[in-house]
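As provided, target_36.txt (compact mmCIF, C-alpha atoms) reads as follows.
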```txt
# COMPACT_ATOMS: atom_id res chain seq x y z
CA MET A 8 -2.98 13.56 19.83
CA ALA A 9 -3.48 17.34 20.20
CA LEU A 10 -4.71 17.46 16.61
CA ASN A 11 -7.27 14.72 17.36
CA TRP A 12 -8.47 16.63 20.42
CA ILE A 13 -8.85 19.86 18.42
CA SER A 14 -10.58 18.02 15.57
CA SER A 15 -12.98 16.32 18.00
CA ARG A 16 -13.89 19.58 19.75
CA ALA A 17 -14.19 21.44 16.42
CA GLY A 18 -16.47 18.67 15.12
CA ALA A 19 -18.77 19.18 18.11
CA VAL A 20 -18.75 22.99 18.19
CA LEU A 21 -18.64 24.11 14.55
CA PRO A 22 -22.06 22.70 13.45
CA LEU A 23 -23.67 24.36 16.49
CA ILE A 24 -22.03 27.71 15.60
CA GLY A 25 -23.37 27.20 12.08
CA ILE A 26 -26.92 26.66 13.38
CA VAL A 27 -26.70 29.83 15.50
CA LEU A 28 -25.43 31.80 12.48
CA ALA A 29 -28.22 30.40 10.27
CA LEU A 30 -30.83 31.42 12.87
CA ALA A 31 -29.30 34.91 13.09
CA ASN A 32 -29.41 35.17 9.28
CA TRP A 33 -33.05 34.03 9.33
CA ASN A 34 -33.79 36.84 11.79
CA ALA A 35 -31.90 39.43 9.72
CA ARG A 36 -33.23 38.32 6.31
CA PRO A 37 -36.52 36.40 6.71
CA ASP A 38 -37.17 36.67 2.92
CA ALA A 39 -34.64 33.82 2.32
CA ALA A 40 -36.14 31.57 5.01
CA TRP A 41 -35.93 28.41 2.85
CA ALA A 42 -32.14 28.87 2.42
CA TRP A 43 -31.57 29.24 6.16
CA ALA A 44 -33.84 26.28 6.89
CA ALA A 45 -31.88 24.16 4.41
CA ALA A 46 -28.60 25.24 6.03
CA ILE A 47 -29.92 24.31 9.49
CA GLY A 48 -31.09 20.95 8.14
CA MET A 49 -27.65 20.16 6.70
CA LEU A 50 -25.91 21.20 9.91
CA LEU A 51 -28.27 18.99 11.92
CA VAL A 52 -27.36 16.07 9.64
CA MET A 53 -23.69 16.77 10.45
CA VAL A 54 -24.44 16.78 14.20
CA GLY A 55 -26.31 13.48 13.78
CA ALA A 56 -23.50 11.87 11.73
CA ARG A 57 -20.90 12.84 14.32
CA TRP A 58 -23.11 11.64 17.17
CA ARG A 59 -23.62 8.27 15.47
CA ALA A 60 -19.87 7.90 14.84
CA GLN A 61 -19.14 8.65 18.50
CA LEU A 62 -21.78 6.14 19.59
CA ALA A 63 -20.30 3.46 17.32
CA PHE A 64 -16.85 4.20 18.76
CA ARG A 65 -18.10 3.85 22.37
CA ARG A 66 -19.75 0.51 21.54
CA SER A 67 -16.64 -0.84 19.74
CA SER A 68 -13.47 -2.19 21.33
CA GLY A 69 -11.56 0.85 20.05
CA ASP A 70 -9.83 -1.00 17.18
CA ALA A 71 -7.80 0.87 14.58
CA ALA A 72 -10.47 0.61 11.85
CA THR A 73 -13.16 2.21 14.06
CA VAL A 74 -10.76 4.96 15.17
CA ARG A 75 -9.96 5.66 11.51
CA SER A 76 -13.62 5.81 10.50
CA VAL A 77 -14.53 8.10 13.44
CA ALA A 78 -11.60 10.38 12.54
CA SER A 79 -12.78 10.38 8.93
CA VAL A 80 -16.38 11.33 9.90
CA THR A 81 -15.11 14.04 12.29
CA GLY A 82 -12.80 15.46 9.60
CA GLY A 83 -15.69 15.54 7.13
CA VAL A 84 -17.95 17.29 9.65
CA VAL A 85 -15.26 19.90 10.44
CA PHE A 86 -14.67 20.70 6.75
CA GLY A 87 -18.39 20.61 5.93
CA ALA A 88 -19.25 22.92 8.83
CA LEU A 89 -16.44 25.33 7.91
CA ILE A 90 -17.65 25.43 4.32
CA MET A 91 -21.11 26.44 5.59
CA ILE A 92 -20.11 28.70 8.48
CA ILE A 93 -17.98 31.09 6.43
CA PRO A 94 -20.68 32.12 3.92
CA LEU A 95 -23.24 32.27 6.77
CA ALA A 96 -20.95 34.59 8.75
CA VAL A 97 -20.19 36.77 5.71
CA SER A 98 -23.88 36.89 4.78
CA LEU A 99 -24.77 38.00 8.32
CA ALA A 100 -21.99 40.60 8.30
CA HIS A 101 -23.26 41.83 4.93
CA ALA A 102 -26.84 42.05 6.26
CA TYR A 103 -25.63 44.25 9.13
CA GLY A 104 -23.45 46.36 6.77
CA ILE A 105 -20.10 45.21 8.22
CA VAL A 106 -18.85 43.64 4.96
CA ASP A 107 -19.29 45.37 1.59
CA ASP A 108 -18.24 42.54 -0.73
CA PRO A 109 -20.78 39.68 -0.64
CA ASP A 110 -18.45 37.48 -2.77
CA SER A 111 -15.74 37.21 -0.11
CA GLY A 112 -17.72 34.43 1.59
CA ARG A 113 -17.86 32.43 -1.65
CA ARG A 114 -14.15 32.98 -2.21
CA MET A 115 -13.24 31.74 1.27
CA THR A 116 -15.55 28.75 0.95
CA MET A 117 -13.84 27.76 -2.29
CA ILE A 118 -10.38 28.17 -0.73
CA ILE A 119 -11.43 25.78 2.06
CA LEU A 120 -12.83 23.38 -0.55
CA GLY A 121 -9.47 23.48 -2.36
CA ALA A 122 -7.67 22.80 0.92
CA TYR A 123 -10.02 19.87 1.52
CA LEU A 124 -9.20 18.42 -1.91
CA ALA A 125 -5.47 18.84 -1.22
CA VAL A 126 -5.72 17.16 2.21
CA THR A 127 -7.78 14.30 0.78
CA GLY A 128 -5.33 13.84 -2.10
CA ASN A 129 -2.43 13.87 0.34
CA ALA A 130 -3.94 10.92 2.20
CA ILE A 131 -4.82 8.78 -0.86
CA PRO A 132 -1.46 6.88 -0.98
CA LYS A 133 -1.87 6.02 2.72
CA THR A 134 -5.32 4.50 2.31
CA PHE A 135 -5.40 0.74 2.57
CA ALA A 136 -6.47 -0.99 -0.60
CA THR A 137 -5.69 -4.64 -1.23
CA SER A 138 -4.46 -5.70 -4.63
CA SER A 139 -7.04 -8.53 -4.65
CA SER A 140 -9.91 -6.05 -4.18
CA MET A 141 -8.62 -3.99 -7.13
CA GLN A 142 -7.84 -7.08 -9.24
CA CYS A 143 -4.27 -6.06 -10.00
CA ASP A 144 -0.78 -6.59 -8.65
CA GLY A 145 0.67 -4.61 -5.75
CA ALA A 146 3.12 -2.58 -7.83
CA ARG A 147 0.43 -1.24 -10.19
CA LEU A 148 -1.95 -0.50 -7.31
CA GLN A 149 0.78 1.41 -5.48
CA ALA A 150 1.65 3.37 -8.64
CA PHE A 151 -2.02 4.25 -9.10
CA GLN A 152 -2.45 5.37 -5.48
CA ARG A 153 0.66 7.58 -5.70
CA PHE A 154 -0.50 9.05 -9.01
CA ALA A 155 -4.04 9.75 -7.72
CA GLY A 156 -2.63 11.28 -4.52
CA TRP A 157 -0.34 13.67 -6.35
CA THR A 158 -3.06 14.55 -8.90
CA TRP A 159 -5.65 15.49 -6.25
CA ALA A 160 -3.19 17.21 -3.94
CA LEU A 161 -1.95 19.43 -6.78
CA CYS A 162 -5.52 19.94 -8.04
CA GLY A 163 -6.58 21.08 -4.55
CA LEU A 164 -3.64 23.47 -4.24
CA GLY A 165 -4.36 24.86 -7.72
CA PHE A 166 -8.06 25.18 -6.87
CA ALA A 167 -7.34 27.09 -3.65
CA THR A 168 -4.73 29.30 -5.32
CA ALA A 169 -7.11 30.14 -8.18
CA TRP A 170 -9.80 31.30 -5.73
CA LEU A 171 -7.19 33.13 -3.66
CA ALA A 172 -5.51 35.04 -6.47
CA LEU A 173 -7.76 35.25 -9.54
CA PRO A 174 -10.86 37.39 -10.13
CA ILE A 175 -14.04 35.41 -9.44
CA ASP A 176 -15.07 35.37 -13.12
CA THR A 177 -11.77 33.65 -13.98
CA ALA A 178 -11.38 31.56 -10.81
CA ALA A 179 -14.66 29.67 -11.38
CA PRO A 180 -13.80 28.21 -14.83
CA VAL A 181 -10.14 27.64 -13.92
CA SER A 182 -11.00 25.69 -10.75
CA THR A 183 -13.74 23.71 -12.51
CA GLY A 184 -11.29 22.89 -15.30
CA LEU A 185 -8.71 21.69 -12.79
CA VAL A 186 -11.20 19.36 -11.11
CA MET A 187 -12.39 18.02 -14.49
CA VAL A 188 -8.82 17.31 -15.61
CA ALA A 189 -8.00 15.59 -12.29
CA MET A 190 -11.16 13.47 -12.55
CA ILE A 191 -10.56 12.43 -16.16
CA VAL A 192 -6.89 11.62 -15.56
CA THR A 193 -7.71 9.56 -12.44
CA ILE A 194 -10.52 7.65 -14.19
CA VAL A 195 -8.29 6.87 -17.18
CA ARG A 196 -5.56 5.55 -14.87
CA LEU A 197 -8.14 3.51 -12.92
CA VAL A 198 -9.49 1.93 -16.10
CA ARG A 199 -5.94 1.10 -17.22
CA LEU A 200 -5.24 -0.34 -13.77
CA ARG A 201 -8.16 -2.74 -14.02
CA ARG A 202 -7.20 -3.82 -17.55
CA PRO A 203 -5.13 -7.02 -17.40
CA GLN A 204 -1.47 -6.41 -18.26
CA HIS A 205 -0.10 -8.67 -21.01
CA ALA A 206 3.47 -9.82 -20.86
CA GLY A 207 5.65 -8.53 -23.68
CA VAL A 208 6.56 -10.95 -26.51
CA MET B 91 6.03 14.20 12.41
CA ASN B 92 9.29 13.92 14.40
CA LYS B 93 9.40 10.22 13.59
CA VAL B 94 9.04 11.00 9.89
CA PHE B 95 11.93 13.50 9.99
CA LYS B 96 14.04 11.01 11.91
CA ALA B 97 13.25 8.30 9.36
CA LEU B 98 14.08 10.56 6.41
CA SER B 99 17.33 11.84 7.92
CA ASP B 100 19.22 8.65 7.07
CA PRO B 101 20.40 8.08 3.46
CA THR B 102 19.99 4.29 3.72
CA ARG B 103 16.36 4.65 4.79
CA ARG B 104 15.77 7.17 2.01
CA ARG B 105 17.22 4.69 -0.50
CA VAL B 106 14.88 1.99 0.88
CA LEU B 107 11.92 4.29 0.29
CA GLN B 108 13.11 5.06 -3.23
CA LEU B 109 13.37 1.34 -4.00
CA LEU B 110 9.89 0.75 -2.60
CA ARG B 111 8.53 3.42 -4.94
CA GLN B 112 9.02 0.95 -7.80
CA ARG B 113 7.08 -1.92 -6.20
CA PRO B 114 6.54 -3.70 -2.88
CA MET B 115 9.66 -5.76 -2.03
CA SER B 116 10.61 -8.43 0.45
CA ALA B 117 13.08 -7.70 3.24
CA GLY B 118 15.66 -9.91 1.53
CA GLU B 119 15.33 -8.16 -1.82
CA LEU B 120 15.78 -4.78 -0.16
CA SER B 121 18.74 -5.95 1.93
CA ASP B 122 20.53 -7.15 -1.22
CA HIS B 123 20.87 -3.52 -2.34
CA PHE B 124 22.89 -2.52 0.73
CA PRO B 125 26.31 -3.58 1.97
CA VAL B 126 25.12 -3.77 5.58
CA SER B 127 24.12 -6.63 7.85
CA LYS B 128 20.54 -7.94 8.00
CA PRO B 129 20.04 -6.83 11.65
CA THR B 130 21.05 -3.28 10.66
CA MET B 131 18.54 -3.37 7.81
CA SER B 132 15.88 -4.69 10.18
CA ALA B 133 16.52 -1.71 12.44
CA HIS B 134 16.09 0.63 9.47
CA PHE B 135 12.82 -1.12 8.49
CA ALA B 136 11.60 -0.79 12.08
CA VAL B 137 12.24 2.99 12.07
CA LEU B 138 10.42 3.38 8.74
CA HIS B 139 7.53 1.23 9.95
CA GLU B 140 7.24 3.18 13.20
CA ALA B 141 7.11 6.43 11.24
CA GLY B 142 4.23 4.99 9.19
CA LEU B 143 6.13 5.28 5.91
CA ILE B 144 6.10 1.58 5.08
CA ASP B 145 3.71 -1.27 5.73
CA ALA B 146 4.84 -4.84 6.42
CA GLU B 147 2.95 -7.93 5.36
CA ARG B 148 4.13 -11.33 6.52
CA SER B 149 3.44 -14.45 4.48
CA GLY B 150 5.19 -17.52 5.82
CA ARG B 151 8.80 -16.60 6.44
CA THR B 152 8.80 -13.67 4.03
CA ILE B 153 8.06 -10.09 5.06
CA THR B 154 6.98 -7.88 2.18
CA TYR B 155 7.26 -4.12 2.62
CA ARG B 156 5.19 -1.62 0.69
CA LEU B 157 5.28 2.15 0.58
CA VAL B 158 2.53 4.03 2.46
CA MET B 159 3.78 7.62 2.12
CA SER B 160 1.44 10.56 1.84
CA VAL B 161 2.06 13.16 -0.87
CA LEU B 162 3.56 15.53 1.70
CA GLU B 163 5.90 12.82 3.01
CA GLU B 164 6.99 12.02 -0.53
CA ALA B 165 7.68 15.69 -1.15
CA LEU B 166 9.74 15.74 2.07
CA LEU B 167 11.64 12.69 0.84
CA GLY B 168 12.40 14.54 -2.39
CA PHE B 169 13.65 17.59 -0.45
CA ALA B 170 15.72 15.40 1.88
CA HIS B 171 17.28 13.64 -1.11
CA THR B 172 18.01 16.91 -2.94
CA LEU B 173 19.41 18.66 0.11
CA GLY B 174 21.26 15.54 1.28
CA TRP B 175 20.00 15.51 4.89
CA GLY B 176 22.14 13.29 7.10
CA LEU B 177 24.86 12.76 4.48
CA GLU B 178 27.41 14.64 6.58
CA SER B 179 26.91 12.38 9.59
CA LYS B 180 26.98 9.33 7.32
CA ARG B 181 30.25 10.51 5.76
CA THR B 182 31.79 11.05 9.19
CA THR B 183 30.68 7.59 10.26
CA ARG B 184 32.17 6.10 7.09
CA VAL B 185 35.52 7.90 7.62
CA ASN B 186 35.66 6.64 11.21
CA HIS B 187 34.79 3.17 9.95
CA ASP B 188 37.65 3.31 7.39
CA LYS B 189 40.08 4.48 10.07
CA VAL B 190 39.13 1.54 12.26
CA ALA B 191 39.45 -0.84 9.32
CA LYS B 192 42.92 0.49 8.40
CA ARG B 193 44.25 0.22 11.99
CA PRO B 194 46.71 -2.70 12.21
CA VAL B 195 45.30 -5.59 14.16
CA LYS B 196 47.46 -6.85 17.02
CA GLY B 197 49.22 -10.12 16.26
CA GLU B 198 49.15 -9.57 12.48
CA ALA B 199 52.49 -10.14 10.69
```
As structure tokens:
Amino acid sequence: MALNWISSRAGAVLPLIGIVLALANWNARPDAAWAWAAAIGMLLVMVGARWRAQLAFRRSSGDAATVRSVASVTGGVVFGALIMIIPLAVSLAHAYGIVDDPDSGRRMTMIILGAYLAVTGNAIPKTFATSSSMQCDGARLQAFQRFAGWTWALCGLGFATAWLALPIDTAAPVSTGLVMVAMIVTIVRLVRLRRPQHAGV
Amino acid sequence: MNKVFKALSDPTRRRVLQLLRQRPMSAGELSDHFPVSKPTMSAHFAVLHEAGLIDAERSGRTITYRLVMSVLEEALLGFAHTLGWGLESKRTTRVNHDKVAKRPVKGEA
């Protein structure tokens, strides 16, 4: 309950903080106006998405599916805003000479992205998917969901650790490689899941 | 999270979760693996369901349970199994049970 409250407030406040930071950056470095304008545009989209989700929730009867979808939108807005706020804050600090290393913003953004992958992977086995919609039996669907969950949770942790511990030149290819491997492995398992299983002779 | 820890603290419930890892199973199929009464098993299923670790689907008179554990919860299950959470209390309960069973019943020859 407390987590929902925090998430809801963070979803409302973080995009606005991002817009303020983008405007401050625009003031400090007007030469990159298009970048700040794009950032403001994306943050406004987040505000709009959250507002629409809240509106849909107020109009609904408050059923579990609507609550889940609103929580999902809010979670996405919080992560998205965090991913944008950190580089904006570091860029502003760099413009005012507070931070020397301009790459620290990128590093932190990637760590948050890794955490997002891990959190998303963690929730995959809990997502509701019917065996009829996936055209396979329940046991195989459950095995696939568990496999995909573990793959993406470990990929996210590896991604975040790479950006936390490795030099940037190494972290970039390592993290990209991890995501590629996770994608390929998941797609292969999904294709095998959809293939009809023949009984042994 | 408290409900999850409570659910994982019992070895019987952990065994249920391990069985459900293989495939979704009916309440009867699961109960066959344990030497306990059906109402006791129902209570275990209720605790697991309340903790959000299993999902129940009713078709006719059959209830089929399936695993809905997140990766973190599965990792916790692994830790609980390795460290043997709740085994001590289970052992104590079993010893007390045996003592009660061995006590001579009044009126027996």
Nearest residue to chain A from the set B:Phe169, B:Phe124, B:Phe95, B:Tyr155 (distances using only C-alpha atoms): B:Tyr155
Using only C-alpha atoms, which chain A residues lie at most 7 Å away from chain B, written as an NGL selection string? :A and (129-130 or 132-133 or 145-146 or 156-157)
Find, counting only C-alpha atoms, the residue in A:Gly18, A:Val106, A:Gly25, A:Thr177 that gets nearest to Gly48 (chain A). A:Gly25
Spatial neighbours of Ala133 (chain B), 12 Å, all atoms listed in the file, chain gap at least 4 places, as an NGL selection string: :B and (97 or 100 or 102-103 or 117 or 121 or 126-129 or 137-140)
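Of note, CA of Ala44 (chain A) and CA of Leu21 (chain A) are spaced 17.2 Å apart.
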